[in-house]
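S.K.: First the structure, which I've put down as structure tokens, then a few questions once you've had a look.
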Amino acid sequence: MSPSSDAKTTPKITAQVVAKVAHLARLDLTEAELALMTTQLTGMLDHFGDIDKLDLSAVTPMAQPFPIKNVYREDVVVPGLDRQEVLDNAPAPQDGRFRVPPSNGAES
Amino acid sequence: MTSEFVSVVDIVGSIRGGKTTASDVLEQHLARIDKRETEIHAFNHIMAESARANAASIDADLKAGNDRGPLAGVPIALKDNMCTRGVPTTCSSKILEGWKPPYDATVVTRLQQAGAVIVGKTNLDEFAMGSSTENSAFGPTRNPLDTSRVPGGSSGGSAAAVAAGFPGGSSGGSAAAVAAGFAAASLGSDTGGSIRQPAALCGVVGVKPTYGMVSRQGLVAFASSLDQIGPFTHTVADAALLMEVIGGHDPLDSTSLDQPVPSLTAVLGQGVKGMRIGRLADMPDGCEPEVLARLDAAFDALKAAGATIVDIALPSLSYCLTAYYLVAPAEASSNLARYDGVRYGLRVESADLISMYGATRAAGFGAEVKRRIMLGTYALSAGYYDAYYGKALKVRRLIANDFAAAYQSCDVILTPTSPTVAFPIGEKTSDPLTMYLCDIFTIPTNLAGHAAMSVPFGTGAHSHSMPVGVQILAPALGEPTMFRVAAELERAS
């Protein structure tokens, strides 16, 4: 089978890569979790290298079982969710809104 | 006493015929829950009070001559990843503990409109990620037929809730089919086998419908292009009835198919004469001999009933695991980004927004969910997208092409549902890949968007008496054919 033009699926996973991915995923991992995750991801990605054997150059990707199209409805008012019911679920509702910590880290 | 109410169809008939009441049926199920739930842990939340009120209201209506629908008085359990307004919906995750959805999932509304009595929310692998229900933040569910074994997953609680009426212990399998369980039926969700695999391991019927046949509105998303809701029941006829109630177009789900559910209850007696049943010419390694023996027996039964057995090939089958374990985590990493400690669920306070996100998600998610978020984020990240996610989508096309070719020569395909029977709790938790291999036969259906179901077909004969499930695969919208085969296997088992 001729090698495909696609990138190979076997780059080396390092603890640094895992730490970067954890940051992208907004997951604070402990040192122990990072080490375990590095080992486990390496094992999985090694296994997943099996598809490198396939020539996929002429294959169309399939992201959905059936073609997706925009679905429209008439622009009419329909009842929405109950505001209080929604806010009651929030960890820190305030004045009808969701309170969050400052995005720049400074408490005002 | 209980045996005459074993199936949904019988319960409906007995209540309508005045032989019993919805309240009596409910109390029988609640009594079984009282007796065995501590041992099984099928539920995250039991809704005894609202169920009693619903049953009483159904009884009052029936007495007054008002029809309450095709499931009037049937106790049904829901996997705890389906939204129930004002009732906790946790996905067995600490990050959603205490969340009370402000709306009902479409399937919940349809069940209620059909007269079903919701008895509770069942345990699952956290966010439906797993094959054993051991990944629940609230502790594992045990297989009611042998409590040292897993019920399968991720809808393990839903399967166990239906199966739990069976006597436990090693004689459970042979004594099966006499009791009705914690619920007469339940709903699960199936992303890579999470209905069919636990159905097989618990000895009940489980259906993964064609993608889009059942609305996903209000199903907490795991992998949106793969997820589908379906029923667990004791009988094929019950599953057909449930499908007719929950299926059909829903304008609130943009991937919902714009057509009615085909009639399924009407086709069950049509038999399989002249039908072409596909058999994998190359069976993947790793199947227990007793599972393969039951599969052979299933082929023999269908042949005896007039079907033809045809050898088929799915050359890409062995690559499905890789495609699935890249596509599903990729979609999950995106879907689970919404758990950020802002609008609902857990928050771990921190000085700034970004560290609040990281601390909340670290505290709220369990190990398997973190692993899949990491895998998915990696597969989607710059520099790796083409090598992983992009390639996985192409392999997904290959398996769909394989199926298209196979269905030129057969109407359905028969495989084991799971390579093994229910395994001991703890046996596969240390190595995620071993656990992932449980899904080899169920994953291809989800990747293709097709229909499939598992039906119990006897038990292993030698080392144990755990149930074996046979899986029927059908093309998209092939449910009528699939249910005819299921009904034939049920008659033969």
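Ordered as shown in the structure tokens, chains take letters A, B, and onward, while each chain numbers its residues from 1 and ligands are numbered from 1 in the order shown.
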Any idea what's packed within 9 Å of Val342 in chain B, counting only C-alpha atoms, ignoring anything in its chain fewer than 3 positions away? Could you give it as a PDB file with C-alpha atoms, in the first residue's frame?
M.R.:
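Output file around-v5.pdb follows:
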```
ATOM      1  CA  ALA A  90     -25.996  28.594  39.103  1.00  0.00           C
ATOM      2  CA  PRO A  91     -23.232  28.337  41.717  1.00  0.00           C
ATOM      3  CA  ALA A  92     -23.135  32.132  42.196  1.00  0.00           C
ATOM      4  CA  PRO A  93     -26.153  33.970  40.802  1.00  0.00           C
ATOM      5  CA  PHE A  98     -24.154  34.699  36.619  1.00  0.00           C
ATOM      6  CA  ARG A  99     -21.355  36.088  38.781  1.00  0.00           C
ATOM      7  CA  VAL A 100     -17.814  35.012  37.790  1.00  0.00           C
TER       8      VAL A 100
ATOM      9  CA  ARG B 338     -19.792  23.726  28.891  1.00  0.00           C
ATOM     10  CA  TYR B 339     -18.983  22.511  32.430  1.00  0.00           C
ATOM     11  CA  GLY B 345     -23.141  22.472  38.758  1.00  0.00           C
ATOM     12  CA  LEU B 346     -19.956  22.554  40.743  1.00  0.00           C
ATOM     13  CA  ARG B 347     -17.706  25.600  41.124  1.00  0.00           C
ATOM     14  CA  TYR B 357     -12.326  26.806  35.160  1.00  0.00           C
TER      15      TYR B 357
END
```
S.K.: List every residue of chain A that has an atom at most 8 Å from any atom of chain B, and for each one report the closest atom pair and its distance in Å to one decimal, counting only C-alpha atoms, with rows sorted by chain and then by increasing residue number, as a Markdown table.
M.R.:
```
| residue | atom | partner | partner_atom | distance |
| --- | --- | --- | --- | --- |
| A:Asp6 | CA | B:Ala387 | CA | 6.6 |
| A:Ala7 | CA | B:Ala387 | CA | 5.0 |
| A:Lys8 | CA | B:Ala387 | CA | 5.8 |
| A:Thr9 | CA | B:Ala387 | CA | 5.1 |
| A:Val18 | CA | B:Met374 | CA | 7.9 |
| A:Val21 | CA | B:Tyr378 | CA | 6.0 |
| A:Ala22 | CA | B:Met374 | CA | 6.5 |
| A:His23 | CA | B:Gly358 | CA | 7.8 |
| A:Leu24 | CA | B:Thr377 | CA | 7.3 |
| A:Ala25 | CA | B:Thr377 | CA | 6.4 |
| A:Arg26 | CA | B:Gly358 | CA | 4.6 |
| A:Leu27 | CA | B:Gly358 | CA | 4.5 |
| A:Asp28 | CA | B:Gly358 | CA | 4.9 |
| A:Leu29 | CA | B:Ala362 | CA | 6.6 |
| A:Met37 | CA | B:Arg371 | CA | 7.0 |
| A:Leu41 | CA | B:Leu375 | CA | 6.9 |
| A:Met44 | CA | B:Leu433 | CA | 6.9 |
| A:His47 | CA | B:Thr322 | CA | 7.6 |
| A:Phe48 | CA | B:Thr322 | CA | 5.1 |
| A:Asp50 | CA | B:Tyr319 | CA | 7.1 |
| A:Ile51 | CA | B:Tyr319 | CA | 6.4 |
| A:Leu56 | CA | B:Lys394 | CA | 6.6 |
| A:Val59 | CA | B:Lys394 | CA | 5.8 |
| A:Thr60 | CA | B:Lys394 | CA | 5.9 |
| A:Pro61 | CA | B:Lys394 | CA | 4.2 |
| A:Met62 | CA | B:Leu393 | CA | 5.0 |
| A:Ala63 | CA | B:Leu393 | CA | 5.9 |
| A:Gln64 | CA | B:Ser225 | CA | 5.5 |
| A:Pro65 | CA | B:Gly449 | CA | 4.8 |
| A:Phe66 | CA | B:Gly449 | CA | 7.6 |
| A:Ile68 | CA | B:Thr255 | CA | 7.1 |
| A:Asn70 | CA | B:Ser254 | CA | 7.7 |
| A:Val71 | CA | B:Ser254 | CA | 6.1 |
| A:Leu81 | CA | B:Pro102 | CA | 6.5 |
| A:Asp82 | CA | B:Pro102 | CA | 7.0 |
| A:Glu85 | CA | B:Pro102 | CA | 5.9 |
| A:Val86 | CA | B:Pro102 | CA | 6.1 |
| A:Leu87 | CA | B:Arg343 | CA | 7.5 |
| A:Asn89 | CA | B:Tyr344 | CA | 5.0 |
| A:Ala90 | CA | B:Tyr344 | CA | 4.3 |
| A:Pro91 | CA | B:Tyr344 | CA | 6.1 |
| A:Ala92 | CA | B:Val342 | CA | 7.6 |
| A:Phe98 | CA | B:Val342 | CA | 6.5 |
| A:Arg99 | CA | B:Val342 | CA | 7.4 |
| A:Val100 | CA | B:Val342 | CA | 6.6 |
| A:Pro101 | CA | B:Asp352 | CA | 5.1 |
| A:Pro102 | CA | B:Asp352 | CA | 5.2 |
| A:Ser103 | CA | B:Leu353 | CA | 4.8 |
| A:Asn104 | CA | B:Asp352 | CA | 6.3 |
| A:Gly105 | CA | B:Asp352 | CA | 4.1 |
| A:Ala106 | CA | B:Asp352 | CA | 7.1 |
| A:Glu107 | CA | B:Ala351 | CA | 7.2 |
```
S.K.: Could you tell me which of B:Ala72, B:Ser493, B:Ile118, B:Gly366 comes closest to Ser50 in chain B if we count only C-alpha atoms?
M.R.: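 Checking each candidate against Ser50 in chain B, we get B:Ile118 as the closest.
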S.K.: Give me, as a VMD selection string, all polymer residues having an atom no more than 7 Å from Ala486 in chain B, counting only C-alpha atoms and skipping those fewer than 4 positions away in the same chain.
M.R.: chain B and resid 236 455 482 490
S.K.: Can you pull out every residue from range 423-482 of chain B that DSSP, working from the backbone, puts in strand (DSSP E), and format the result as a list of chain:residue names?
M.R.: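 Strand (DSSP E) assignments inside range 423-482 of chain B correspond to B:Ala451, B:Ala452, B:Met453, B:Ser454, B:Val455, B:Pro456, B:Phe457, B:Gly458, B:Thr459, B:Pro467, B:Val468, B:Gly469, B:Val470, B:Gln471, B:Ile472, B:Leu473, B:Ala474.
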S.K.: Write a file of the selected residues as a compact mmCIF listing (two decimals), in the first residue's frame, keeping C-alpha atoms.
M.R.:
```
# COMPACT_ATOMS: atom_id res chain seq x y z
CA ALA B 451 -29.67 0.54 13.67
CA ALA B 452 -28.74 -2.41 15.89
CA MET B 453 -30.12 -4.33 18.82
CA SER B 454 -29.08 -6.99 21.28
CA VAL B 455 -31.35 -9.87 22.19
CA PRO B 456 -30.62 -12.42 24.91
CA PHE B 457 -29.92 -15.82 23.41
CA GLY B 458 -29.22 -18.27 26.19
CA THR B 459 -26.33 -18.44 28.59
CA PRO B 467 -26.41 -14.45 29.62
CA VAL B 468 -25.09 -14.08 26.08
CA GLY B 469 -26.46 -11.41 23.76
CA VAL B 470 -26.68 -11.70 20.01
CA GLN B 471 -26.49 -8.47 18.05
CA ILE B 472 -28.59 -7.79 14.95
CA LEU B 473 -27.16 -5.05 12.72
CA ALA B 474 -29.38 -3.38 10.14
```
S.K.: In Å, how far is it from CA of Ala492 in chain B to CA of Cys287 in chain B?
M.R.: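 Result for CA of Ala492 in chain B versus CA of Cys287 in chain B: 22.8 Å, one decimal.
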S.K.: List the spatial neighbours of Phe483 in chain B as a list of chain:residue names - criterion: any atom at most 8 Å away, only C-alpha atoms, same-chain residues fewer than 3 positions off excluded.
M.R.: B:Val236, B:Ala240, B:Leu264, B:Val267, B:Leu268, B:Glu479, B:Pro480, B:Ala486, B:Ala487
S.K.: Can you list, as an MDAnalysis selection string, every protein, DNA or RNA residue that comes within 9 Å of Gly153 in chain B when you count only C-alpha atoms, leaving out same-chain residues fewer than 6 positions away?
M.R.: chainID B and resid 124:125 128:134 159 193:199
